[in-house]
>>> print(open('my_file.txt').read())   # compact mmCIF, C-alpha atoms
# COMPACT_ATOMS: atom_id res chain seq x y z
CA MET A 1 0.00 0.00 0.00
CA THR A 2 1.49 3.32 -1.03
CA VAL A 3 1.77 6.46 1.09
CA LEU A 4 -0.94 8.10 -1.02
CA LEU A 5 -3.44 5.31 -0.30
CA ALA A 6 -2.55 5.25 3.38
CA ALA A 7 -3.05 9.02 3.61
CA LEU A 8 -6.39 8.80 1.80
CA PHE A 9 -7.63 5.98 4.05
CA LEU A 10 -6.68 8.08 7.05
CA LEU A 11 -8.52 11.09 5.61
CA VAL A 12 -11.62 8.96 4.96
CA ALA A 13 -11.56 7.74 8.56
CA LEU A 14 -11.07 11.28 9.89
CA SER A 15 -13.77 12.87 7.75
CA GLY A 16 -16.17 10.02 8.53
CA THR A 17 -15.58 10.52 12.24
CA GLY A 18 -16.10 14.24 11.64
CA VAL A 19 -19.56 13.52 10.18
CA VAL A 20 -20.53 11.51 13.27
CA LEU A 21 -19.16 14.05 15.74
CA THR A 22 -20.78 17.08 14.06
CA ARG A 23 -24.04 17.57 15.94
CA GLU A 24 -25.49 20.59 14.13
CA PRO A 25 -27.50 19.21 11.17
CA ARG A 26 -26.54 21.90 8.65
CA ARG A 27 -22.84 21.62 9.45
CA GLN A 28 -23.19 17.85 9.31
CA VAL A 29 -24.43 18.08 5.71
CA PHE A 30 -21.22 19.86 4.72
CA ALA A 31 -19.14 17.35 6.69
CA LEU A 32 -20.91 14.65 4.66
CA ALA A 33 -20.02 16.43 1.42
CA VAL A 34 -16.36 16.61 2.50
CA ASN A 35 -16.46 12.90 3.28
CA GLY A 36 -17.88 12.31 -0.23
CA THR A 37 -15.05 14.30 -1.80
CA VAL A 38 -12.39 12.35 0.10
CA LEU A 39 -14.08 9.06 -0.87
CA THR A 40 -14.03 10.21 -4.51
CA LEU A 41 -10.27 10.76 -4.29
CA LEU A 42 -9.82 7.34 -2.66
CA PHE A 43 -11.81 5.56 -5.38
CA PHE A 44 -9.81 7.42 -8.01
CA ALA A 45 -6.52 6.40 -6.37
CA LEU A 46 -7.75 2.79 -6.25
CA GLN A 47 -8.25 2.99 -10.05
CA ALA A 48 -12.04 2.86 -9.98
CA PRO A 49 -12.88 6.00 -12.01
CA ASP A 50 -16.46 4.85 -12.73
CA VAL A 51 -17.24 4.60 -9.02
CA ALA A 52 -15.35 7.85 -8.34
CA LEU A 53 -17.55 9.73 -10.84
CA SER A 54 -20.74 8.35 -9.31
CA GLU A 55 -19.55 9.19 -5.80
CA LEU A 56 -18.55 12.70 -6.85
CA ALA A 57 -21.96 13.54 -8.29
CA VAL A 58 -24.15 11.66 -5.82
CA GLY A 59 -22.08 12.02 -2.64
CA THR A 60 -20.99 15.63 -2.92
CA ALA A 61 -23.85 17.24 -4.89
CA ALA A 62 -27.10 15.25 -4.82
CA THR A 63 -27.25 13.86 -1.28
CA PRO A 64 -26.10 17.07 0.52
CA LEU A 65 -28.60 19.10 -1.52
CA LEU A 66 -31.48 16.79 -0.61
CA PHE A 67 -30.52 17.03 3.07
CA LEU A 68 -30.20 20.83 2.92
CA VAL A 69 -33.59 21.15 1.22
CA THR A 70 -35.15 18.85 3.79
CA LEU A 71 -33.74 20.94 6.65
CA ALA A 72 -35.03 24.12 4.97
CA ALA A 73 -38.48 22.55 4.48
CA VAL A 74 -38.59 21.54 8.15
CA ARG A 75 -37.77 25.10 9.22
CA ILE A 76 -40.34 26.59 6.84
CA SER A 77 -43.15 24.32 7.99
CA ARG A 78 -42.23 24.76 11.68
CA GLN A 79 -42.57 28.51 11.29
CA ARG A 80 -46.08 28.12 9.90
CA MET B 1 -31.16 1.44 30.53
CA ASN B 2 -28.62 3.87 31.91
CA ARG B 3 -25.24 4.80 30.52
CA ARG B 4 -23.21 2.31 32.57
CA TRP B 5 -25.35 -0.64 31.46
CA ARG B 6 -25.12 0.39 27.85
CA ILE B 7 -21.31 0.58 28.00
CA ALA B 8 -21.20 -2.80 29.77
CA LEU B 9 -23.41 -4.28 27.04
CA LEU B 10 -21.17 -2.77 24.35
CA GLY B 11 -18.08 -4.26 26.01
CA LEU B 12 -19.75 -7.68 26.35
CA ALA B 13 -20.80 -7.64 22.69
CA GLY B 14 -17.26 -6.62 21.71
CA ILE B 15 -15.72 -9.50 23.67
CA CYS B 16 -18.18 -11.99 22.16
CA LEU B 17 -17.66 -10.81 18.59
CA THR B 18 -13.88 -10.31 18.62
CA PRO B 19 -12.89 -13.95 17.84
CA ALA B 20 -15.31 -14.05 14.87
CA ILE B 21 -14.11 -10.67 13.52
CA TRP B 22 -10.49 -11.74 13.94
CA ARG B 23 -11.09 -14.98 12.06
CA VAL B 24 -12.82 -13.24 9.15
CA ALA B 25 -10.25 -10.43 9.01
CA THR B 26 -7.26 -12.79 8.88
CA ALA B 27 -8.93 -14.97 6.24
CA LEU B 28 -9.48 -12.04 3.83
CA PRO B 29 -7.31 -11.79 0.71
CA ARG B 30 -4.42 -9.36 1.21
CA PHE B 31 -4.95 -5.71 0.20
CA GLY B 32 -4.39 -5.16 -3.53
CA GLU B 33 -4.23 -8.88 -4.33
CA PRO B 34 -7.64 -9.91 -5.58
CA SER B 35 -8.21 -13.64 -5.78
CA GLU B 36 -11.39 -13.43 -7.87
CA GLN B 37 -11.23 -14.88 -11.36
CA TYR B 38 -14.18 -12.87 -12.72
CA GLY B 39 -12.34 -9.58 -13.31
CA PRO B 40 -9.39 -11.01 -15.27
CA ALA B 41 -11.80 -13.19 -17.30
CA VAL B 42 -13.92 -10.16 -18.26
CA ASN B 43 -10.81 -8.15 -19.14
CA ARG B 44 -9.59 -10.98 -21.35
CA LEU B 45 -12.88 -11.77 -23.09
CA GLY B 46 -14.60 -8.37 -23.23
CA PRO B 47 -12.67 -6.68 -26.05
CA ALA B 48 -12.86 -9.80 -28.20
CA LEU B 49 -16.53 -10.59 -27.58
CA ARG B 50 -18.04 -7.08 -27.45
CA HIS B 51 -15.45 -4.73 -29.05
CA VAL B 52 -15.56 -2.29 -26.12
CA SER B 53 -12.67 -1.02 -24.00
CA ASN B 54 -14.58 0.01 -20.84
CA MET B 55 -15.22 -3.32 -19.16
CA VAL B 56 -17.38 -1.75 -16.44
CA SER B 57 -19.88 -0.78 -19.15
CA ALA B 58 -19.60 -4.21 -20.75
CA VAL B 59 -20.52 -5.84 -17.42
CA ASN B 60 -23.28 -3.32 -16.61
CA PHE B 61 -25.00 -3.17 -19.96
CA ASP B 62 -24.33 -6.58 -21.46
CA PHE B 63 -22.85 -9.43 -19.40
CA ARG B 64 -24.97 -8.55 -16.36
CA GLY B 65 -27.47 -6.37 -18.21
CA ILE B 66 -30.45 -7.97 -16.50
CA ASP B 67 -29.16 -6.76 -13.11
CA THR B 68 -28.98 -3.23 -14.48
CA LEU B 69 -32.55 -3.57 -15.76
CA GLY B 70 -33.61 -4.41 -12.20
CA GLU B 71 -31.68 -1.42 -10.82
CA GLU B 72 -33.22 0.77 -13.50
CA PHE B 73 -36.73 -0.10 -12.35
CA MET B 74 -35.65 0.20 -8.72
CA LEU B 75 -34.65 3.81 -9.49
CA LEU B 76 -37.94 4.37 -11.34
CA GLY B 77 -39.86 3.00 -8.35
CA ALA B 78 -37.91 5.12 -5.85
CA ILE B 79 -38.38 8.33 -7.86
CA THR B 80 -42.08 7.58 -8.41
CA GLY B 81 -42.48 7.01 -4.68
CA ALA B 82 -40.75 10.29 -3.82
CA VAL B 83 -42.87 12.19 -6.36
CA VAL B 84 -46.12 10.63 -5.11
CA LEU B 85 -45.23 11.53 -1.53
CA LEU B 86 -44.06 15.09 -2.19
CA ARG B 87 -46.06 16.42 -5.13
CA GLY B 88 -49.00 18.58 -4.28
CA ALA B 89 -48.10 18.83 -0.58
CA ARG B 90 -47.51 22.56 -1.08
CA GLY B 91 -50.17 23.09 -3.73
CA GLU B 92 -50.00 22.65 -7.47
CA ASP B 93 -49.96 26.31 -8.43
CA LEU B 94 -46.85 27.62 -10.14
CA THR B 95 -46.31 30.73 -8.02
CA ALA B 96 -42.61 29.99 -8.32
CA LYS B 97 -41.45 32.00 -5.37
CA ALA B 98 -39.13 30.75 -2.66
CA ALA B 99 -40.46 30.79 0.89
CA ARG B 100 -38.76 33.15 3.35
CA LEU B 101 -38.34 32.84 7.05
CA PRO B 102 -39.66 36.00 8.69
CA GLY B 103 -36.98 38.29 10.06
CA ARG B 104 -34.24 36.64 8.11
CA GLN B 105 -32.03 38.86 6.04
CA VAL B 106 -32.29 38.18 2.31
CA ILE B 107 -28.89 38.32 0.67
CA GLY B 108 -28.97 38.60 -3.11
CA ARG B 109 -26.73 36.49 -5.28
CA ALA B 110 -23.41 38.04 -6.16
CA GLU B 111 -22.87 38.77 -9.85
CA SER B 112 -19.80 36.56 -9.80
CA THR B 113 -21.96 33.63 -8.59
CA ILE B 114 -24.40 34.19 -11.45
CA LEU B 115 -21.56 34.44 -13.96
CA ILE B 116 -19.82 31.29 -12.76
CA CYS B 117 -23.08 29.34 -12.72
CA ARG B 118 -24.02 30.50 -16.21
CA LEU B 119 -20.58 29.56 -17.52
CA PHE B 120 -20.25 26.22 -15.77
CA SER B 121 -23.81 24.91 -15.85
CA PRO B 122 -23.89 24.32 -19.65
CA ALA B 123 -20.27 23.14 -19.60
CA ILE B 124 -21.05 20.56 -16.91
CA MET B 125 -24.14 19.36 -18.75
CA LEU B 126 -22.08 19.04 -21.93
CA PHE B 127 -19.46 17.07 -20.02
CA GLY B 128 -22.21 14.77 -18.70
CA LEU B 129 -23.43 14.22 -22.25
CA TYR B 130 -19.87 13.46 -23.35
CA MET B 131 -19.46 11.01 -20.50
CA ALA B 132 -22.71 9.22 -21.31
CA LEU B 133 -21.86 9.03 -25.03
CA HIS B 134 -18.34 7.66 -24.43
CA ALA B 135 -19.50 4.90 -22.09
CA MET B 136 -18.00 2.19 -24.27
CA VAL B 137 -14.48 3.61 -24.49
CA THR B 138 -13.70 5.62 -21.34
CA PRO B 139 -14.76 5.52 -17.66
CA GLY B 140 -18.27 6.74 -17.01
CA GLY B 141 -21.50 5.84 -18.68
CA GLY B 142 -25.21 6.47 -18.67
CA PHE B 143 -25.55 6.65 -14.88
CA GLN B 144 -22.53 8.88 -14.27
CA GLY B 145 -23.34 11.08 -17.26
CA GLY B 146 -26.97 11.41 -16.16
CA VAL B 147 -26.04 12.38 -12.62
CA VAL B 148 -23.51 14.93 -13.90
CA ILE B 149 -26.17 16.49 -16.18
CA ALA B 150 -28.57 16.65 -13.22
CA SER B 151 -25.92 18.38 -11.09
CA GLY B 152 -25.54 20.90 -13.94
CA LEU B 153 -29.28 21.57 -13.49
CA LEU B 154 -28.58 22.25 -9.82
CA LEU B 155 -25.97 24.82 -10.74
CA THR B 156 -28.66 26.54 -12.82
CA TYR B 157 -30.74 26.71 -9.64
CA LEU B 158 -27.83 28.29 -7.76
CA GLY B 159 -27.31 30.87 -10.48
CA GLU B 160 -30.86 31.78 -11.44
CA GLY B 161 -32.64 31.36 -8.12
CA TYR B 162 -35.84 29.44 -7.56
CA ARG B 163 -38.01 31.53 -9.89
CA GLY B 164 -35.68 31.34 -12.88
CA TRP B 165 -35.01 27.67 -12.28
CA ARG B 166 -38.68 26.81 -12.13
CA ARG B 167 -39.21 28.61 -15.43
CA LEU B 168 -36.40 26.64 -17.11
CA ILE B 169 -37.19 23.17 -15.83
CA ALA B 170 -40.28 21.48 -17.23
CA SER B 171 -41.40 18.60 -15.06
CA PRO B 172 -43.26 16.72 -17.89
CA VAL B 173 -39.99 16.62 -19.89
CA LEU B 174 -38.15 15.11 -16.93
CA ALA B 175 -40.95 12.59 -16.38
CA ALA B 176 -40.84 11.61 -20.07
CA LEU B 177 -37.05 11.18 -19.90
CA GLU B 178 -37.32 9.02 -16.79
CA GLY B 179 -40.10 6.77 -18.06
CA GLY B 180 -38.86 6.76 -21.66
CA GLY B 181 -35.35 5.72 -20.61
CA ALA B 182 -36.64 2.78 -18.58
CA LEU B 183 -38.94 1.79 -21.45
CA LEU B 184 -36.04 1.98 -23.91
CA PHE B 185 -33.98 -0.33 -21.71
CA ALA B 186 -36.83 -2.84 -21.41
CA LEU B 187 -37.48 -2.73 -25.16
CA ALA B 188 -33.77 -3.25 -25.86
CA GLY B 189 -34.11 -6.44 -23.85
CA LEU B 190 -37.33 -7.59 -25.51
CA ALA B 191 -36.55 -6.68 -29.14
CA PRO B 192 -33.96 -9.48 -29.66
CA MET B 193 -36.61 -11.95 -28.45
CA ALA B 194 -38.94 -10.79 -31.23
CA ALA B 195 -36.11 -11.54 -33.67
CA GLY B 196 -35.83 -15.07 -32.27
CA GLY B 197 -32.89 -14.51 -29.92
CA ALA B 198 -32.53 -14.56 -26.14
CA PHE B 199 -33.47 -11.68 -23.80
CA MET B 200 -30.98 -8.81 -24.30
CA GLN B 201 -28.92 -10.86 -26.75
CA ASN B 202 -26.45 -8.51 -28.45
CA VAL B 203 -27.81 -8.80 -32.01
CA LEU B 204 -26.69 -5.40 -33.32
CA PRO B 205 -23.37 -5.00 -35.21
CA LEU B 206 -20.60 -4.58 -32.63
CA GLY B 207 -18.56 -1.91 -34.46
CA THR B 208 -14.84 -1.37 -34.19
CA PHE B 209 -12.84 -1.65 -30.95
CA ARG B 210 -12.21 1.76 -29.26
CA ASP B 211 -14.82 3.50 -31.42
CA VAL B 212 -17.52 5.60 -29.73
CA PHE B 213 -20.22 3.64 -31.48
CA SER B 214 -19.05 0.17 -30.54
CA GLY B 215 -20.78 -2.41 -28.40
CA GLY B 216 -23.98 -2.97 -30.40
CA LEU B 217 -27.05 -3.23 -28.17
CA MET B 218 -25.09 -1.76 -25.25
CA LEU B 219 -25.37 1.65 -26.91
CA VAL B 220 -29.18 1.43 -26.62
CA THR B 221 -29.24 0.22 -23.01
CA ASN B 222 -26.65 2.84 -22.06
CA ALA B 223 -28.77 5.56 -23.67
CA GLY B 224 -31.80 4.25 -21.76
CA VAL B 225 -29.94 4.47 -18.45
CA GLY B 226 -28.59 7.94 -19.31
CA LEU B 227 -32.06 9.31 -20.13
CA ALA B 228 -33.70 7.69 -17.11
CA VAL B 229 -31.05 8.90 -14.65
CA THR B 230 -31.08 12.46 -16.03
CA GLY B 231 -34.88 12.57 -15.79
CA GLY B 232 -35.01 10.76 -12.47
CA PHE B 233 -32.48 12.90 -10.62
CA GLY B 234 -33.87 16.07 -12.21
CA MET B 235 -37.34 15.05 -11.04
CA LEU B 236 -36.05 14.33 -7.53
CA PHE B 237 -34.35 17.75 -7.31
CA LEU B 238 -37.47 19.47 -8.64
CA GLU B 239 -39.80 17.80 -6.15
CA PHE B 240 -37.45 18.47 -3.23
CA LEU B 241 -36.91 22.11 -4.16
CA GLU B 242 -40.69 22.50 -4.53
CA GLU B 243 -40.79 21.91 -0.77
CA THR B 244 -39.02 25.22 -0.16
CA ARG B 245 -41.36 27.45 -2.13
CA ALA B 246 -44.04 29.70 -0.80
CA THR B 247 -47.66 28.60 -1.16
CA GLN B 248 -50.26 30.86 -2.76
CA SER B 249 -51.59 32.03 0.60
CA GLU B 250 -48.17 33.22 1.78
CA ASP B 251 -47.54 34.90 -1.52
CA THR B 252 -50.56 37.16 -1.30
CA ARG B 253 -50.11 37.81 2.39
>>> encode(input="my_file.txt", output="structure tokens")
Amino acid sequence: MTVLLAALFLLVALSGTGVVLTREPRRQVFALAVNGTVLTLLFFALQAPDVALSELAVGTAATPLLFLVTLAAVRISRQR
Amino acid sequence: MNRRWRIALLGLAGICLTPAIWRVATALPRFGEPSEQYGPAVNRLGPALRHVSNMVSAVNFDFRGIDTLGEEFMLLGAITGAVVLLRGARGEDLTAKAARLPGRQVIGRAESTILICRLFSPAIMLFGLYMALHAMVTPGGGFQGGVVIASGLLLTYLGEGYRGWRRLIASPVLAALEGGGALLFALAGLAPMAAGGAFMQNVLPLGTFRDVFSGGLMLVTNAGVGLAVTGGFGMLFLEFLEETRATQSEDTR
């Protein structure tokens, strides 16, 4: 295992732990997006570009957006 | 159950499971040394049998095409479920105005944001199209291309705001893409049967190796996935963003 892979695995573990330890939902969404980005880099380094592309679009754009919208919708309907 | 009991239970479970975890972990193949024969076999046979250079596409759209058909309809079912649950919850009228929390400062979009979104949104969609079209030769494919196109749509939302976005995105078009893509995939499976072959048998001419239009029937199934994923994710974004708009009553208030 190269230094690059070891560093990326460590980053994945750190950012994943960051997602769990972030308690404020909106910040947690961004922590999740960071985790998705790091996972994308890991998949790319492991020579799985197809998976990396899916993870990049779904993990860092689609899923965080859906969470953010859900949080906004909760706030809007609570105010009503 | 208080905190001490929970920690005790966690420790007990850990002690009980450790031997099993250890046994499985030490029996795993070493990192970077796959023992599976499937991958090398596909890499050896794929170019000769299907004339494509992206083996992931060959597996997804041909060798294990029936699995992808199942996933395709899983996506269709999930999107349909989300649309059924969300649509109409905030009214059907197209007031197209984002809801605002009272007392919250409204910060307009910076011109640089609008510029960057207008520049990059079409470029990203074009890149998604490129990725979907080149499924047979380079990494990516219908799913990745479709998701990238959909994220380009999101950038349009960031740049134009809810009102402009709502005006640009037509939900019937997205629905037609989603359903039409899934239908195209199913038809690509059924058509060879009408010609006397097996389900999803690759009856079309395979083309030349490393050419964009190689792979025969895979081109059709890939296009089906690309259309369905573009429409499906676009639909999902639209229905979710609908949740943040103001209803008619708030608008007139």
>>> residues_around(input="my_file.txt", residues="Ala13 in chain A", least_positions_apart="5", cutoff="9 Å", atoms="all atoms listed in the file", output="PyMOL selection string")
chain A and resi 8+18+35
>>> write_last_selection(input="my_file.txt", atoms="C-alpha atoms", output="compact mmCIF listing (two decimals), in the frame of the given file")
# COMPACT_ATOMS: atom_id res chain seq x y z
CA LEU A 8 -6.39 8.80 1.80
CA GLY A 18 -16.10 14.24 11.64
CA ASN A 35 -16.46 12.90 3.28
>>> interface_residues(input="my_file.txt", of="chain B", to="chain A", cutoff="9 Å", atoms="all atoms listed in the file", output="PDB file with C-alpha atoms, in the coordinates of the input")
ATOM      1  CA  PHE B  31      -4.950  -5.710   0.200  1.00  0.00           C
ATOM      2  CA  GLY B  32      -4.390  -5.160  -3.530  1.00  0.00           C
ATOM      3  CA  VAL B  56     -17.380  -1.750 -16.440  1.00  0.00           C
ATOM      4  CA  ALA B  99     -40.460  30.790   0.890  1.00  0.00           C
ATOM      5  CA  ARG B 100     -38.760  33.150   3.350  1.00  0.00           C
ATOM      6  CA  LEU B 101     -38.340  32.840   7.050  1.00  0.00           C
ATOM      7  CA  PRO B 102     -39.660  36.000   8.690  1.00  0.00           C
ATOM      8  CA  PRO B 139     -14.760   5.520 -17.660  1.00  0.00           C
ATOM      9  CA  GLY B 140     -18.270   6.740 -17.010  1.00  0.00           C
ATOM     10  CA  GLY B 141     -21.500   5.840 -18.680  1.00  0.00           C
ATOM     11  CA  PHE B 143     -25.550   6.650 -14.880  1.00  0.00           C
ATOM     12  CA  GLN B 144     -22.530   8.880 -14.270  1.00  0.00           C
ATOM     13  CA  GLY B 145     -23.340  11.080 -17.260  1.00  0.00           C
ATOM     14  CA  VAL B 147     -26.040  12.380 -12.620  1.00  0.00           C
ATOM     15  CA  VAL B 148     -23.510  14.930 -13.900  1.00  0.00           C
ATOM     16  CA  ALA B 150     -28.570  16.650 -13.220  1.00  0.00           C
ATOM     17  CA  SER B 151     -25.920  18.380 -11.090  1.00  0.00           C
ATOM     18  CA  LEU B 154     -28.580  22.250  -9.820  1.00  0.00           C
ATOM     19  CA  PHE B 233     -32.480  12.900 -10.620  1.00  0.00           C
ATOM     20  CA  LEU B 236     -36.050  14.330  -7.530  1.00  0.00           C
ATOM     21  CA  PHE B 237     -34.350  17.750  -7.310  1.00  0.00           C
ATOM     22  CA  PHE B 240     -37.450  18.470  -3.230  1.00  0.00           C
ATOM     23  CA  LEU B 241     -36.910  22.110  -4.160  1.00  0.00           C
ATOM     24  CA  GLU B 243     -40.790  21.910  -0.770  1.00  0.00           C
ATOM     25  CA  THR B 244     -39.020  25.220  -0.160  1.00  0.00           C
ATOM     26  CA  ARG B 245     -41.360  27.450  -2.130  1.00  0.00           C
TER      27      ARG B 245
END
>>> closest_residue(input="my_file.txt", among="B:Ala58, B:Val52, B:Leu183, B:Ala188", to="Val137 in chain B", atoms="all atoms listed in the file")
B:Val52
>>> closest_residue(input="my_file.txt", among="B:Ser112, B:Leu12, B:Leu204, B:Gly234", to="Ala170 in chain B", atoms="all atoms listed in the file")
B:Gly234
>>> closest_residue(input="my_file.txt", among="B:Cys117, B:Leu45, B:Ala182, B:Leu190", to="Asn202 in chain B", atoms="only C-alpha atoms")
B:Leu190
>>> residues_around(input="my_file.txt", residues="Ala176 in chain B", least_positions_apart="3", cutoff="10 Å", atoms="only C-alpha atoms", output="list in words")
Ser171, Pro172, Val173, Gly179, Gly180, Gly181, Ala182, Leu227, Ala228, Gly231 and Gly232 of chain B
>>> atom_distance(input="my_file.txt", atom1="CA of His134 in chain B", atom2="CA of Asp211 in chain B")
8.9 Å
>>> closest_residue(input="my_file.txt", among="A:Leu42, A:Gly59, A:Leu10, A:Gln47", to="Phe30 in chain A", atoms="all atoms listed in the file")
A:Gly59
>>> axis_aligned_box(input="my_file.txt", around="range 39-49 of chain A", padding_each_side="8 Å", output="JSON")
{"center_x": -10.3, "center_y": 6.8, "center_z": -6.4, "size_x": 23.6, "size_y": 24.0, "size_z": 27.1}
>>> atom_distance(input="my_file.txt", atom1="CA of Tyr162 in chain B", atom2="CA of Glu242 in chain B")
9.0 Å
>>> atom_distance(input="my_file.txt", atom1="CA of Leu217 in chain B", atom2="CA of Met235 in chain B")
27.1 Å
>>> closest_residue(input="my_file.txt", among="B:Leu115, B:Leu75, B:Ile149, B:Leu9", to="Met131 in chain B", atoms="all atoms listed in the file")
B:Ile149
>>> closest_residue(input="my_file.txt", among="A:Val29, A:Pro64, A:Arg78, A:Gly36", to="Val12 in chain A", atoms="all atoms listed in the file")
A:Gly36
